[in-house]
$ cat final.cif   # mmCIF, C-alpha atoms
data_entry
#
loop_
_atom_site.label_atom_id
_atom_site.label_comp_id
_atom_site.auth_asym_id
_atom_site.auth_seq_id
_atom_site.Cartn_x
_atom_site.Cartn_y
_atom_site.Cartn_z
CA MET Z 296 -134.35 91.77 -103.62
CA LYS Z 297 -133.25 91.47 -107.20
CA PRO Z 298 -133.95 88.24 -109.06
CA VAL Z 299 -130.24 87.69 -109.64
CA SER Z 300 -129.69 87.93 -105.94
CA LEU Z 301 -132.40 85.36 -105.32
CA ARG Z 302 -130.82 83.06 -107.89
CA ALA Z 303 -127.45 83.48 -106.20
CA LEU Z 304 -129.05 82.75 -102.84
CA PHE Z 305 -130.75 79.69 -104.28
CA GLY Z 306 -127.55 78.40 -105.86
CA VAL Z 307 -125.60 78.85 -102.66
CA SER Z 308 -128.33 77.10 -100.69
CA VAL Z 309 -128.31 74.20 -103.08
CA THR Z 310 -124.54 73.95 -102.83
CA LEU Z 311 -124.68 74.08 -99.06
CA GLY Z 312 -127.36 71.39 -99.08
CA ILE Z 313 -125.22 69.18 -101.25
CA LEU Z 314 -122.30 69.65 -98.90
CA LEU Z 315 -124.48 68.74 -95.95
CA GLY Z 316 -125.83 65.72 -97.81
CA LEU Z 317 -122.33 64.52 -98.62
CA GLU Z 318 -121.54 64.64 -94.95
CA PHE Z 319 -123.82 61.62 -94.54
CA HIS Z 320 -121.76 59.61 -97.00
CA ILE Z 321 -118.55 59.74 -95.05
CA ASP Z 322 -117.45 56.25 -94.17
CA ARG Z 323 -116.76 56.59 -90.47
CA THR Z 324 -115.89 52.92 -89.99
CA PRO Z 325 -112.75 52.51 -92.10
CA SER Z 326 -111.28 49.04 -92.48
CA VAL Z 327 -107.77 50.40 -92.36
CA GLN Z 328 -106.26 52.96 -90.10
CA ALA Z 329 -106.88 56.48 -91.36
CA TYR Z 330 -104.11 59.03 -91.32
CA THR Z 331 -105.40 62.55 -91.00
CA SER Z 332 -102.08 64.28 -90.81
CA TYR Z 333 -98.48 63.94 -91.80
CA LEU Z 334 -97.49 63.61 -88.16
CA SER Z 335 -99.87 60.75 -87.56
CA GLN Z 336 -98.48 59.02 -90.64
CA SER Z 337 -94.96 59.54 -89.32
CA GLU Z 338 -95.96 58.17 -85.95
CA ALA Z 339 -97.59 55.19 -87.59
CA LEU Z 340 -94.45 54.63 -89.67
CA ASN Z 341 -92.25 54.82 -86.58
CA ALA Z 342 -94.52 52.41 -84.78
CA ALA Z 343 -94.40 50.06 -87.76
CA LEU Z 344 -90.59 50.29 -87.82
CA ALA Z 345 -90.43 49.54 -84.11
CA ARG Z 346 -92.79 46.64 -84.58
CA THR Z 347 -90.64 45.44 -87.49
CA ALA Z 348 -87.62 45.26 -85.20
CA VAL Z 349 -89.59 43.28 -82.64
CA LEU Z 350 -90.97 40.97 -85.31
CA THR Z 351 -87.50 40.51 -86.79
CA ALA Z 352 -86.21 39.49 -83.37
CA ALA Z 353 -89.16 37.15 -82.94
CA LEU Z 354 -88.48 35.70 -86.39
CA ALA Z 355 -84.84 35.11 -85.50
CA ALA Z 356 -85.92 33.39 -82.29
CA ASP Z 357 -88.34 31.22 -84.24
CA ASP Z 358 -85.59 30.34 -86.71
CA ALA Z 359 -83.31 29.34 -83.85
CA GLN Z 360 -86.08 27.24 -82.37
CA LEU Z 361 -86.69 25.65 -85.76
CA ARG Z 362 -83.01 24.75 -86.07
CA ALA Z 363 -83.04 23.31 -82.56
CA LEU Z 364 -86.11 21.26 -83.40
CA GLU Z 365 -84.50 20.06 -86.61
CA GLU Z 366 -81.43 18.97 -84.66
CA VAL Z 367 -83.65 17.21 -82.16
CA SER Z 368 -85.47 15.61 -85.05
CA VAL Z 369 -82.17 14.28 -86.42
CA HIS Z 370 -81.30 12.93 -82.99
CA ALA Z 371 -84.78 11.46 -82.75
CA LYS Z 372 -84.28 9.71 -86.08
CA VAL Z 373 -80.99 8.26 -84.87
CA GLY Z 374 -82.67 7.35 -81.62
CA LEU Z 375 -85.50 5.71 -83.53
CA VAL Z 376 -83.03 3.58 -85.46
CA ASP Z 377 -81.34 2.61 -82.21
CA LEU Z 378 -84.66 1.79 -80.64
CA ARG Z 379 -85.66 -0.35 -83.62
CA GLN Z 380 -82.36 -2.20 -83.42
CA GLU Z 381 -82.88 -2.67 -79.70
CA LEU Z 382 -86.42 -3.88 -80.36
CA ALA Z 383 -85.20 -6.38 -82.94
CA LYS Z 384 -82.55 -7.58 -80.52
CA LEU Z 385 -85.09 -7.92 -77.72
CA ARG Z 386 -87.54 -9.71 -79.99
CA LYS Z 387 -84.83 -12.15 -80.90
CA GLN Z 388 -83.89 -12.66 -77.28
CA ALA Z 389 -87.52 -13.06 -76.28
CA GLY Z 390 -88.08 -15.75 -78.90
CA MET Z 391 -90.34 -13.67 -81.08
CA THR Z 392 -88.33 -14.40 -84.22
CA THR Z 393 -87.58 -17.52 -86.21
CA VAL Z 394 -84.19 -18.99 -85.39
CA ALA Z 395 -82.11 -21.11 -87.75
CA GLY Z 396 -78.72 -22.63 -87.18
CA PRO Z 397 -76.85 -25.79 -86.25
CA GLY Z 398 -78.47 -27.84 -83.54
CA VAL Z 399 -80.06 -31.11 -82.60
CA ARG Z 400 -83.43 -32.79 -82.87
CA ILE Z 401 -84.47 -35.26 -80.20
CA SER Z 402 -87.25 -37.65 -81.06
CA ILE Z 403 -89.05 -39.35 -78.17
CA ALA Z 404 -91.59 -41.99 -79.10
CA PHE Z 405 -93.31 -44.98 -77.54
CA ASP Z 406 -91.43 -48.17 -78.39
CA PRO Z 407 -92.98 -51.38 -77.03
CA LYS Z 408 -89.80 -53.29 -77.82
CA LEU Z 409 -87.94 -51.48 -75.08
CA PRO Z 410 -88.02 -52.80 -71.53
CA ILE Z 411 -90.04 -51.09 -68.88
CA ILE Z 412 -89.69 -50.95 -65.16
CA PRO Z 413 -91.97 -53.65 -63.75
CA GLY Z 414 -95.11 -52.23 -62.23
CA LEU Z 415 -94.64 -48.77 -63.72
CA SER Z 416 -97.96 -47.51 -64.93
CA TYR Z 417 -97.55 -43.76 -65.05
CA VAL Z 418 -94.79 -41.31 -65.85
CA ASP Z 419 -95.12 -37.55 -65.66
CA GLU Z 420 -94.20 -36.65 -69.22
CA ALA Z 421 -93.93 -32.95 -68.51
CA THR Z 422 -91.27 -33.61 -65.92
CA GLN Z 423 -89.37 -35.80 -68.34
CA LEU Z 424 -89.53 -33.17 -71.06
CA GLN Z 425 -88.47 -30.51 -68.58
CA ILE Z 426 -85.40 -32.58 -67.74
CA VAL Z 427 -84.46 -32.70 -71.41
CA VAL Z 428 -85.09 -28.98 -71.87
CA ASN Z 429 -83.03 -28.13 -68.79
CA ALA Z 430 -80.19 -30.28 -70.07
CA LEU Z 431 -80.30 -28.55 -73.45
CA GLN Z 432 -80.28 -25.14 -71.82
CA ALA Z 433 -77.39 -26.18 -69.67
CA GLY Z 434 -75.65 -27.21 -72.86
CA GLY Z 435 -75.96 -23.73 -74.26
CA ALA Z 436 -78.99 -24.09 -76.48
CA GLN Z 437 -79.97 -20.71 -77.96
CA ALA Z 438 -83.53 -21.76 -78.77
CA ILE Z 439 -85.69 -24.76 -77.99
CA ALA Z 440 -89.01 -25.92 -79.38
CA ILE Z 441 -91.21 -28.90 -78.50
CA ASN Z 442 -93.35 -30.11 -81.39
CA GLY Z 443 -93.18 -26.66 -82.97
CA GLN Z 444 -93.96 -24.82 -79.74
CA ARG Z 445 -91.15 -22.39 -79.14
CA LEU Z 446 -90.03 -22.13 -75.53
CA VAL Z 447 -89.52 -18.66 -74.14
CA THR Z 448 -88.91 -17.34 -70.65
CA THR Z 449 -92.60 -17.44 -69.79
CA SER Z 450 -93.28 -20.84 -71.33
CA SER Z 451 -94.72 -23.66 -69.30
CA ILE Z 452 -94.69 -27.41 -69.71
CA ARG Z 453 -97.61 -29.00 -67.91
CA SER Z 454 -99.17 -32.43 -67.70
CA VAL Z 455 -102.90 -32.86 -67.99
CA HIS Z 456 -103.67 -36.27 -66.56
CA GLY Z 457 -105.95 -38.87 -67.96
CA LEU Z 458 -106.76 -37.27 -71.28
CA SER Z 459 -104.46 -39.29 -73.48
CA ALA Z 460 -105.19 -42.68 -74.94
CA ASN Z 461 -101.56 -43.32 -75.77
CA ALA Z 462 -100.14 -46.68 -74.88
CA GLY Z 463 -97.43 -47.03 -72.25
CA PRO Z 464 -96.71 -45.10 -69.10
CA PHE Z 465 -96.82 -41.81 -71.01
CA SER Z 466 -100.56 -41.65 -70.66
CA GLY Z 467 -101.16 -37.96 -70.05
CA VAL Z 468 -101.39 -34.93 -72.29
CA VAL Z 469 -98.65 -32.35 -72.21
CA GLN Z 470 -99.38 -28.68 -72.67
CA VAL Z 471 -96.60 -26.45 -73.86
CA ASN Z 472 -97.37 -22.72 -73.82
CA GLY Z 473 -100.93 -23.72 -72.98
CA GLN Z 474 -101.27 -25.69 -76.22
CA PRO Z 475 -101.72 -29.49 -76.20
CA VAL Z 476 -98.70 -31.37 -77.48
CA LEU Z 477 -99.11 -35.07 -78.24
CA ALA Z 478 -96.51 -37.82 -78.46
CA PRO Z 479 -94.32 -38.60 -80.26
CA TYR Z 480 -92.31 -35.64 -79.14
CA GLU Z 481 -89.71 -33.78 -81.13
CA ILE Z 482 -87.51 -31.45 -79.18
CA GLU Z 483 -85.47 -29.17 -81.42
CA ALA Z 484 -82.66 -27.01 -80.16
CA VAL Z 485 -80.35 -24.54 -81.86
CA GLY Z 486 -76.88 -24.56 -80.43
CA SER Z 487 -73.59 -26.32 -80.66
CA PRO Z 488 -74.49 -29.91 -81.65
CA GLY Z 489 -71.39 -31.28 -80.03
CA ARG Z 490 -71.99 -29.66 -76.68
CA LEU Z 491 -75.68 -30.53 -76.73
CA VAL Z 492 -75.05 -34.18 -77.52
CA THR Z 493 -72.32 -34.30 -74.92
CA ILE Z 494 -74.54 -33.08 -72.13
CA LEU Z 495 -77.39 -35.35 -73.19
CA THR Z 496 -75.00 -38.25 -73.09
CA ALA Z 497 -73.53 -37.14 -69.79
CA GLU Z 498 -76.97 -36.93 -68.23
CA ALA Z 499 -77.78 -40.39 -69.65
CA LEU Z 500 -81.15 -39.15 -70.75
CA GLY Z 501 -81.38 -41.73 -73.49
CA GLN Z 502 -81.15 -44.54 -70.98
CA GLN Z 503 -83.69 -42.87 -68.71
CA PHE Z 504 -86.24 -42.73 -71.51
CA ASN Z 505 -85.43 -46.18 -72.75
CA ILE Z 506 -86.31 -47.81 -69.45
CA LEU Z 507 -89.63 -46.06 -69.69
CA GLU Z 508 -90.41 -47.80 -72.98
CA GLN Z 509 -89.55 -44.64 -74.94
CA SER Z 510 -87.07 -44.39 -77.77
CA PHE Z 511 -84.69 -41.42 -77.50
CA THR Z 512 -83.09 -40.49 -80.83
CA VAL Z 513 -80.79 -37.54 -81.28
CA SER Z 514 -80.19 -36.13 -84.77
CA GLN Z 515 -77.45 -33.59 -85.28
CA PHE Z 516 -77.65 -30.68 -87.73
CA ARG Z 517 -74.18 -29.36 -88.28
CA LYS Z 518 -74.12 -28.14 -91.88
CA THR Z 519 -77.81 -28.12 -92.63
CA PRO Z 520 -79.38 -25.57 -90.27
CA ILE Z 521 -82.38 -26.47 -88.22
CA THR Z 522 -85.17 -23.87 -88.16
CA LEU Z 523 -87.24 -23.13 -85.06
CA PRO Z 524 -90.49 -21.17 -85.32
CA ALA Z 525 -91.10 -17.91 -83.51
CA TYR Z 526 -93.14 -17.82 -80.34
CA SER Z 527 -96.69 -16.80 -81.22
CA GLY Z 528 -98.48 -17.14 -77.93
CA PRO Z 529 -99.61 -14.45 -75.57
CA LEU Z 530 -97.03 -12.19 -74.01
CA PRO Z 531 -96.85 -11.12 -70.38
CA GLY Z 532 -99.07 -8.11 -69.88
CA GLN Z 533 -100.89 -8.63 -73.16
CA TYR Z 534 -104.26 -8.95 -71.48
CA SER Z 535 -103.55 -6.64 -68.61
CA THR Z 536 -104.55 -3.00 -68.52
CA GLU Z 537 -102.85 -0.13 -66.85
CA VAL Z 538 -104.39 0.91 -63.58
CA GLY Z 539 -104.84 4.62 -63.18
CA ILE Z 540 -102.09 6.28 -61.19
CA MET U 77 -140.60 86.27 -97.38
CA ARG U 78 -139.15 85.04 -100.65
CA MET U 79 -135.73 85.59 -99.14
CA VAL U 80 -136.48 82.81 -96.64
CA ILE U 81 -138.52 80.43 -98.75
CA ILE U 82 -136.22 80.27 -101.77
CA PRO U 83 -133.04 79.51 -99.81
CA LEU U 84 -134.94 76.96 -97.75
CA ILE U 85 -136.16 75.20 -100.87
CA GLY U 86 -132.66 75.30 -102.31
CA LEU U 87 -131.23 73.88 -99.12
CA LEU U 88 -133.70 71.02 -99.06
CA PHE U 89 -133.15 70.33 -102.74
CA GLY U 90 -129.38 70.31 -102.32
CA LEU U 91 -129.67 68.12 -99.24
CA ALA U 92 -131.78 65.64 -101.17
CA VAL U 93 -129.32 65.61 -104.05
CA GLY U 94 -126.35 65.20 -101.69
CA MET U 95 -127.97 62.31 -99.86
CA ALA U 96 -129.22 60.65 -103.04
CA VAL U 97 -125.89 60.63 -104.78
CA ASN U 98 -124.25 57.22 -104.56
CA ILE U 99 -120.80 58.02 -103.27
CA ARG U 100 -118.68 56.84 -100.36
CA LEU U 101 -116.33 59.41 -98.93
CA PRO U 102 -113.38 58.19 -96.88
CA ILE U 103 -112.96 59.43 -93.34
CA GLN U 104 -109.87 61.41 -94.36
CA TYR U 105 -112.06 63.93 -96.15
CA ALA U 106 -114.41 64.50 -93.21
CA ALA U 107 -112.36 67.38 -91.79
CA TYR U 108 -112.18 69.18 -95.13
CA LEU U 109 -115.89 68.82 -95.76
CA SER U 110 -116.80 69.97 -92.28
CA VAL U 111 -114.68 73.10 -92.54
CA ALA U 112 -116.08 73.82 -95.99
CA ILE U 113 -119.62 73.55 -94.61
CA LEU U 114 -118.70 75.89 -91.79
CA ALA U 115 -117.36 78.46 -94.26
CA ALA U 116 -120.47 78.10 -96.38
CA LEU U 117 -122.68 78.66 -93.35
CA ASP U 118 -120.69 81.76 -92.50
CA THR U 119 -121.23 83.11 -95.98
CA VAL U 120 -124.94 82.36 -95.87
CA PHE U 121 -125.39 84.11 -92.55
CA GLY U 122 -123.35 87.02 -93.88
CA GLY U 123 -125.64 87.16 -96.90
CA ILE U 124 -128.72 87.18 -94.71
CA LYS U 125 -127.27 89.95 -92.61
CA SER U 126 -126.42 92.07 -95.62
CA GLY U 127 -129.87 91.37 -97.06
CA LEU U 128 -131.49 92.65 -93.88
CA GLN U 129 -129.21 95.69 -94.01
CA HIS U 130 -130.18 96.25 -97.66
CA GLU U 131 -126.54 95.88 -98.65
CA PHE U 132 -126.78 92.52 -100.37
CA ASP U 133 -124.54 92.16 -103.42
CA HIS U 134 -124.82 88.87 -105.21
CA ARG U 135 -121.26 89.16 -106.61
CA VAL U 136 -119.80 89.58 -103.16
CA PHE U 137 -122.03 86.82 -101.89
CA LEU U 138 -121.12 84.30 -104.58
CA THR U 139 -117.41 85.02 -104.59
CA GLY U 140 -117.34 85.02 -100.82
CA PHE U 141 -119.17 81.71 -100.65
CA PHE U 142 -116.91 79.80 -103.03
CA SER U 143 -113.67 81.49 -102.01
CA ASN U 144 -114.34 80.96 -98.29
CA THR U 145 -115.40 77.36 -98.81
CA LEU U 146 -112.44 76.45 -100.97
CA LEU U 147 -110.01 78.41 -98.82
CA ALA U 148 -111.22 76.67 -95.65
CA ALA U 149 -110.87 73.24 -97.22
CA ALA U 150 -107.46 74.13 -98.66
CA LEU U 151 -106.36 75.46 -95.29
CA ALA U 152 -107.31 72.19 -93.61
CA PHE U 153 -105.51 70.21 -96.31
CA ILE U 154 -102.33 72.30 -96.02
CA GLY U 155 -102.50 71.94 -92.26
CA SER U 156 -102.58 68.16 -92.55
CA LEU U 157 -99.56 68.28 -94.86
CA LEU U 158 -97.63 70.49 -92.47
CA GLY U 159 -98.66 68.55 -89.44
CA ILE U 160 -100.46 71.56 -87.96
CA ASP U 161 -104.15 71.36 -87.23
CA LEU U 162 -105.17 74.44 -89.20
CA THR U 163 -108.74 73.18 -89.13
CA LEU U 164 -109.00 74.69 -85.68
CA ALA U 165 -108.00 78.10 -87.02
CA ALA U 166 -110.76 77.93 -89.62
CA VAL U 167 -113.28 76.71 -87.05
CA VAL U 168 -112.45 79.54 -84.66
CA ALA U 169 -112.47 82.22 -87.37
CA PHE U 170 -115.69 81.11 -89.02
CA GLY U 171 -117.30 80.32 -85.69
CA VAL U 172 -116.71 83.86 -84.43
CA ARG U 173 -117.99 85.30 -87.69
CA ILE U 174 -121.10 83.13 -87.57
CA PHE U 175 -121.88 84.23 -84.03
CA ASN U 176 -121.36 87.87 -84.98
CA ASN U 177 -123.55 87.56 -88.05
CA VAL U 178 -126.27 85.75 -86.15
CA ALA U 179 -126.15 88.41 -83.42
CA THR U 180 -126.44 91.19 -86.00
CA ILE U 181 -129.29 89.35 -87.71
CA ARG U 182 -131.03 88.99 -84.38
CA HIS U 183 -130.63 92.67 -83.63
CA LEU U 184 -131.85 93.68 -87.07
CA PHE U 185 -134.81 91.35 -86.78
CA LEU U 186 -135.74 92.72 -83.38
CA GLN U 187 -135.46 96.32 -84.58
CA ARG U 188 -137.50 95.57 -87.67
CA ARG U 189 -140.23 93.90 -85.66
CA LYS U 190 -140.09 96.73 -83.17
CA ILE U 191 -140.01 94.45 -80.22
CA PRO U 192 -139.51 96.76 -77.25
CA SER U 193 -136.63 96.20 -74.94
CA HIS U 194 -136.82 96.22 -71.17
CA GLN U 195 -134.72 99.32 -70.88
#

$ encode --input "final.cif" --output "structure tokens"
Amino acid sequence: MKPVSLRALFGVSVTLGILLGLEFHIDRTPSVQAYTSYLSQSEALNAALARTAVLTAALAADDAQLRALEEVSVHAKVGLVDLRQELAKLRKQAGMTTVAGPGVRISIAFDPKLPIIPGLSYVDEATQLQIVVNALQAGGAQAIAINGQRLVTTSSIRSVHGLSANAGPFSGVVQVNGQPVLAPYEIEAVGSPGRLVTILTAEALGQQFNILEQSFTVSQFRKTPITLPAYSGPLPGQYSTEVGI
Amino acid sequence: MRMVIIPLIGLLFGLAVGMAVNIRLPIQYAAYLSVAILAALDTVFGGIKSGLQHEFDHRVFLTGFFSNTLLAAALAFIGSLLGIDLTLAAVVAFGVRIFNNVATIRHLFLQRRKIPSHQ
């Protein structure tokens, strides 16, 4: 064989070897979809167009849902305002807020100058205070407090016997809302002063206290408002926990 | 003997060069390269056959090698543009030629070695 033929054979062999070597460099794990023909590209384009329509529909549905949620959000905001107003109203009704307005202040204090029923050694103060409170409520009092203890629907007025060193038949200790309240007592009520005084007079509560050696003074606040503190004690259910359903 | 050794050395050398080169070919070119290799193999076997028949012409061999290789790759590329898998046509054509060439080479080799047949 001629040398030129051998050189040609060698060159072709080298070229073939290079081609075979390049075969090993083909990236057979492409990150994107490979299109080997025009048809496959067309099919991919058609598939993409079809998917676009589906995605457009899904986008429209999402937009509609977003609008619905925004409307609900607006309603929720309105509802939140209503709920807050309702909460404020309920807090006021429950005695959780300070109340100021026209009213009366009743001062009950031991007065040794007053007569006393002979032989009387003990009077249940809680009962006496309850009578006054009931009369005030009957007179339309909007809020009542005894020595700064605001009375609410769950309030209690109790007597604890034998713990007071006060003189006179009022010898116990009164607990209002579970807190000790000592004489002299000041019962404040917000309401119509005229109606409150009228019912106190009609019930003759002043005379009842006077014969128990207690002064009973009623002060009216018509122009200058009287301010009652908010209830700060425990609420019903505050210490309870929900039982699993 | 040189006719076997020299191409073998060239093949190994080219293979080493092709593997050593730092290049990353995308999968789209795999079909073109494969068809080109097939055409090149066809030309090589044709060259061996003509060498055994004492009809080897390096001009025919070289032009045939490059024209067949490029034509096969171009055919595959045009096929992909037209949406027709012309790669198959090249594979069938070159495959048949390779089998024919290898068969002829085998026959020439057997005759030259004087290996007796059973008939």

$ resolve_selection --input "final.cif" --expression "the PyMOL selection byres ((chain Z) within 8 of (chain U))" --output "compact mmCIF listing (two decimals) with C-alpha atoms, in the coordinates of the input"
# COMPACT_ATOMS: atom_id res chain seq x y z
CA MET Z 296 -134.35 91.77 -103.62
CA VAL Z 299 -130.24 87.69 -109.64
CA SER Z 300 -129.69 87.93 -105.94
CA LEU Z 301 -132.40 85.36 -105.32
CA ALA Z 303 -127.45 83.48 -106.20
CA LEU Z 304 -129.05 82.75 -102.84
CA PHE Z 305 -130.75 79.69 -104.28
CA GLY Z 306 -127.55 78.40 -105.86
CA VAL Z 307 -125.60 78.85 -102.66
CA SER Z 308 -128.33 77.10 -100.69
CA VAL Z 309 -128.31 74.20 -103.08
CA THR Z 310 -124.54 73.95 -102.83
CA LEU Z 311 -124.68 74.08 -99.06
CA GLY Z 312 -127.36 71.39 -99.08
CA ILE Z 313 -125.22 69.18 -101.25
CA LEU Z 314 -122.30 69.65 -98.90
CA LEU Z 315 -124.48 68.74 -95.95
CA GLY Z 316 -125.83 65.72 -97.81
CA LEU Z 317 -122.33 64.52 -98.62
CA GLU Z 318 -121.54 64.64 -94.95
CA PHE Z 319 -123.82 61.62 -94.54
CA HIS Z 320 -121.76 59.61 -97.00
CA ILE Z 321 -118.55 59.74 -95.05
CA ASP Z 322 -117.45 56.25 -94.17
CA ARG Z 323 -116.76 56.59 -90.47
CA THR Z 324 -115.89 52.92 -89.99
CA PRO Z 325 -112.75 52.51 -92.10
CA ALA Z 329 -106.88 56.48 -91.36
CA TYR Z 330 -104.11 59.03 -91.32
CA THR Z 331 -105.40 62.55 -91.00
CA SER Z 332 -102.08 64.28 -90.81
CA TYR Z 333 -98.48 63.94 -91.80
CA LEU Z 334 -97.49 63.61 -88.16

$ residues_around --input "final.cif" --residues "segment 387-389 of chain Z" --least-positions-apart "2" --cutoff "9 Å" --atoms "all atoms listed in the file" --output "list in words"
Leu382, Ala383, Lys384, Leu385, Met391, Thr392, Thr393, Val394, Gln437, Val447, Thr448, Ala525 and Tyr526 of chain Z

$ residues_around --input "final.cif" --residues "Pro531 of chain Z" --least-positions-apart "3" --cutoff "9 Å" --atoms "only C-alpha atoms" --output "list in words"
Thr449, Tyr534 and Ser535 of chain Z

$ write_last_selection --input "final.cif" --atoms "C-alpha atoms" --output "CSV table (one decimal), in the frame of the given file"
chain,number,residue,atom,x,y,z
Z,449,THR,CA,-92.6,-17.4,-69.8
Z,534,TYR,CA,-104.3,-9.0,-71.5
Z,535,SER,CA,-103.6,-6.6,-68.6

$ atom_distance --input "final.cif" --atom1 "atom CA of Glu131 of chain U" --atom2 "atom CA of Leu184 of chain U"
12.9 Å

$ residues_near_point --input "final.cif" --point "(-72.0, -29.1, -92.7)" --cutoff "12 Å" --atoms "only C-alpha atoms" --output "list in words"
Gly396, Pro397, Gly398, Pro488, Gln515, Phe516, Arg517, Lys518, Thr519, Pro520 and Ile521 of chain Z

$ write_last_selection --input "final.cif" --atoms "C-alpha atoms" --output "mmCIF file, in the frame of the given file"
data_model
loop_
_atom_site.group_PDB
_atom_site.id
_atom_site.type_symbol
_atom_site.label_atom_id
_atom_site.label_comp_id
_atom_site.auth_asym_id
_atom_site.auth_seq_id
_atom_site.Cartn_x
_atom_site.Cartn_y
_atom_site.Cartn_z
ATOM 1 C CA GLY Z 396 -78.720 -22.630 -87.180
ATOM 2 C CA PRO Z 397 -76.850 -25.790 -86.250
ATOM 3 C CA GLY Z 398 -78.470 -27.840 -83.540
ATOM 4 C CA PRO Z 488 -74.490 -29.910 -81.650
ATOM 5 C CA GLN Z 515 -77.450 -33.590 -85.280
ATOM 6 C CA PHE Z 516 -77.650 -30.680 -87.730
ATOM 7 C CA ARG Z 517 -74.180 -29.360 -88.280
ATOM 8 C CA LYS Z 518 -74.120 -28.140 -91.880
ATOM 9 C CA THR Z 519 -77.810 -28.120 -92.630
ATOM 10 C CA PRO Z 520 -79.380 -25.570 -90.270
ATOM 11 C CA ILE Z 521 -82.380 -26.470 -88.220
#

$ atom_distance --input "final.cif" --atom1 "atom CA of Arg445 of chain Z" --atom2 "atom CA of Val376 of chain Z"
27.9 Å

$ atom_distance --input "final.cif" --atom1 "atom CA of Leu491 of chain Z" --atom2 "atom CA of Pro407 of chain Z"
27.1 Å

$ residues_around --input "final.cif" --residues "segment 495-498 of chain Z" --least-positions-apart "2" --cutoff "10 Å" --atoms "only C-alpha atoms" --output "ChimeraX atom specification"
/Z:401,426-427,430-431,433-434,489-493,500-503,513

$ resolve_selection --input "final.cif" --expression "the PyMOL selection byres ((chain Z and resi 510) around 6)" --output "PyMOL selection string"
chain Z and resi 403-404+406+505+509+511

$ residues_around --input "final.cif" --residues "Glu420 of chain Z" --least-positions-apart "3" --cutoff "7 Å" --atoms "all atoms listed in the file" --output "count of residues only"
5

$ residues_around --input "final.cif" --residues "Gly443 of chain Z" --least-positions-apart "3" --cutoff "8 Å" --atoms "all atoms listed in the file" --output "VMD selection string"
chain Z and resid 440 523 to 524

$ closest_residue --input "final.cif" --among "U:Ala166, U:Gly122, U:Ile174, U:Gln129" --to "Leu147 of chain U" --atoms "all atoms listed in the file"
U:Ala166

$ closest_residue --input "final.cif" --among "U:Ala148, U:Leu186, U:Ser126, U:Val136" --to "Leu162 of chain U" --atoms "only C-alpha atoms"
U:Ala148

$ resolve_selection --input "final.cif" --expression "the PyMOL selection byres ((chain Z and resi 442) around 10)" --output "PyMOL selection string"
chain Z and resi 402+439-441+443-445+471+475-483+523

$ write_last_selection --input "final.cif" --atoms "C-alpha atoms" --output "PDB file, in the frame of the given file"
ATOM      1  CA  SER Z 402     -87.250 -37.650 -81.060  1.00  0.00           C
ATOM      2  CA  ILE Z 439     -85.690 -24.760 -77.990  1.00  0.00           C
ATOM      3  CA  ALA Z 440     -89.010 -25.920 -79.380  1.00  0.00           C
ATOM      4  CA  ILE Z 441     -91.210 -28.900 -78.500  1.00  0.00           C
ATOM      5  CA  GLY Z 443     -93.180 -26.660 -82.970  1.00  0.00           C
ATOM      6  CA  GLN Z 444     -93.960 -24.820 -79.740  1.00  0.00           C
ATOM      7  CA  ARG Z 445     -91.150 -22.390 -79.140  1.00  0.00           C
ATOM      8  CA  VAL Z 471     -96.600 -26.450 -73.860  1.00  0.00           C
ATOM      9  CA  PRO Z 475    -101.720 -29.490 -76.200  1.00  0.00           C
ATOM     10  CA  VAL Z 476     -98.700 -31.370 -77.480  1.00  0.00           C
ATOM     11  CA  LEU Z 477     -99.110 -35.070 -78.240  1.00  0.00           C
ATOM     12  CA  ALA Z 478     -96.510 -37.820 -78.460  1.00  0.00           C
ATOM     13  CA  PRO Z 479     -94.320 -38.600 -80.260  1.00  0.00           C
ATOM     14  CA  TYR Z 480     -92.310 -35.640 -79.140  1.00  0.00           C
ATOM     15  CA  GLU Z 481     -89.710 -33.780 -81.130  1.00  0.00           C
ATOM     16  CA  ILE Z 482     -87.510 -31.450 -79.180  1.00  0.00           C
ATOM     17  CA  GLU Z 483     -85.470 -29.170 -81.420  1.00  0.00           C
ATOM     18  CA  LEU Z 523     -87.240 -23.130 -85.060  1.00  0.00           C
TER      19      LEU Z 523
END

$ decode --input "final.cif" --residues "segment 504-509 of chain Z" --atoms "N, CA and C atoms" --output "PDB file, in the first residue's frame"
ATOM      1  N   PHE Z 504     -82.082  52.590 109.835  1.00  0.00           N
ATOM      2  CA  PHE Z 504     -80.682  52.624 110.262  1.00  0.00           C
ATOM      3  C   PHE Z 504     -80.519  53.433 111.542  1.00  0.00           C
ATOM      4  N   ASN Z 505     -81.319  54.468 111.653  1.00  0.00           N
ATOM      5  CA  ASN Z 505     -81.159  55.334 112.823  1.00  0.00           C
ATOM      6  C   ASN Z 505     -81.470  54.597 114.126  1.00  0.00           C
ATOM      7  N   ILE Z 506     -82.463  53.718 114.085  1.00  0.00           N
ATOM      8  CA  ILE Z 506     -82.780  52.994 115.311  1.00  0.00           C
ATOM      9  C   ILE Z 506     -81.780  51.889 115.590  1.00  0.00           C
ATOM     10  N   LEU Z 507     -80.851  51.744 114.685  1.00  0.00           N
ATOM     11  CA  LEU Z 507     -79.762  50.786 114.922  1.00  0.00           C
ATOM     12  C   LEU Z 507     -78.469  51.533 115.259  1.00  0.00           C
ATOM     13  N   GLU Z 508     -78.600  52.762 115.682  1.00  0.00           N
ATOM     14  CA  GLU Z 508     -77.464  53.576 116.098  1.00  0.00           C
ATOM     15  C   GLU Z 508     -76.556  53.920 114.910  1.00  0.00           C
ATOM     16  N   GLN Z 509     -77.138  53.982 113.709  1.00  0.00           N
ATOM     17  CA  GLN Z 509     -76.370  54.286 112.507  1.00  0.00           C
ATOM     18  C   GLN Z 509     -76.952  55.537 111.860  1.00  0.00           C
TER      19      GLN Z 509
END
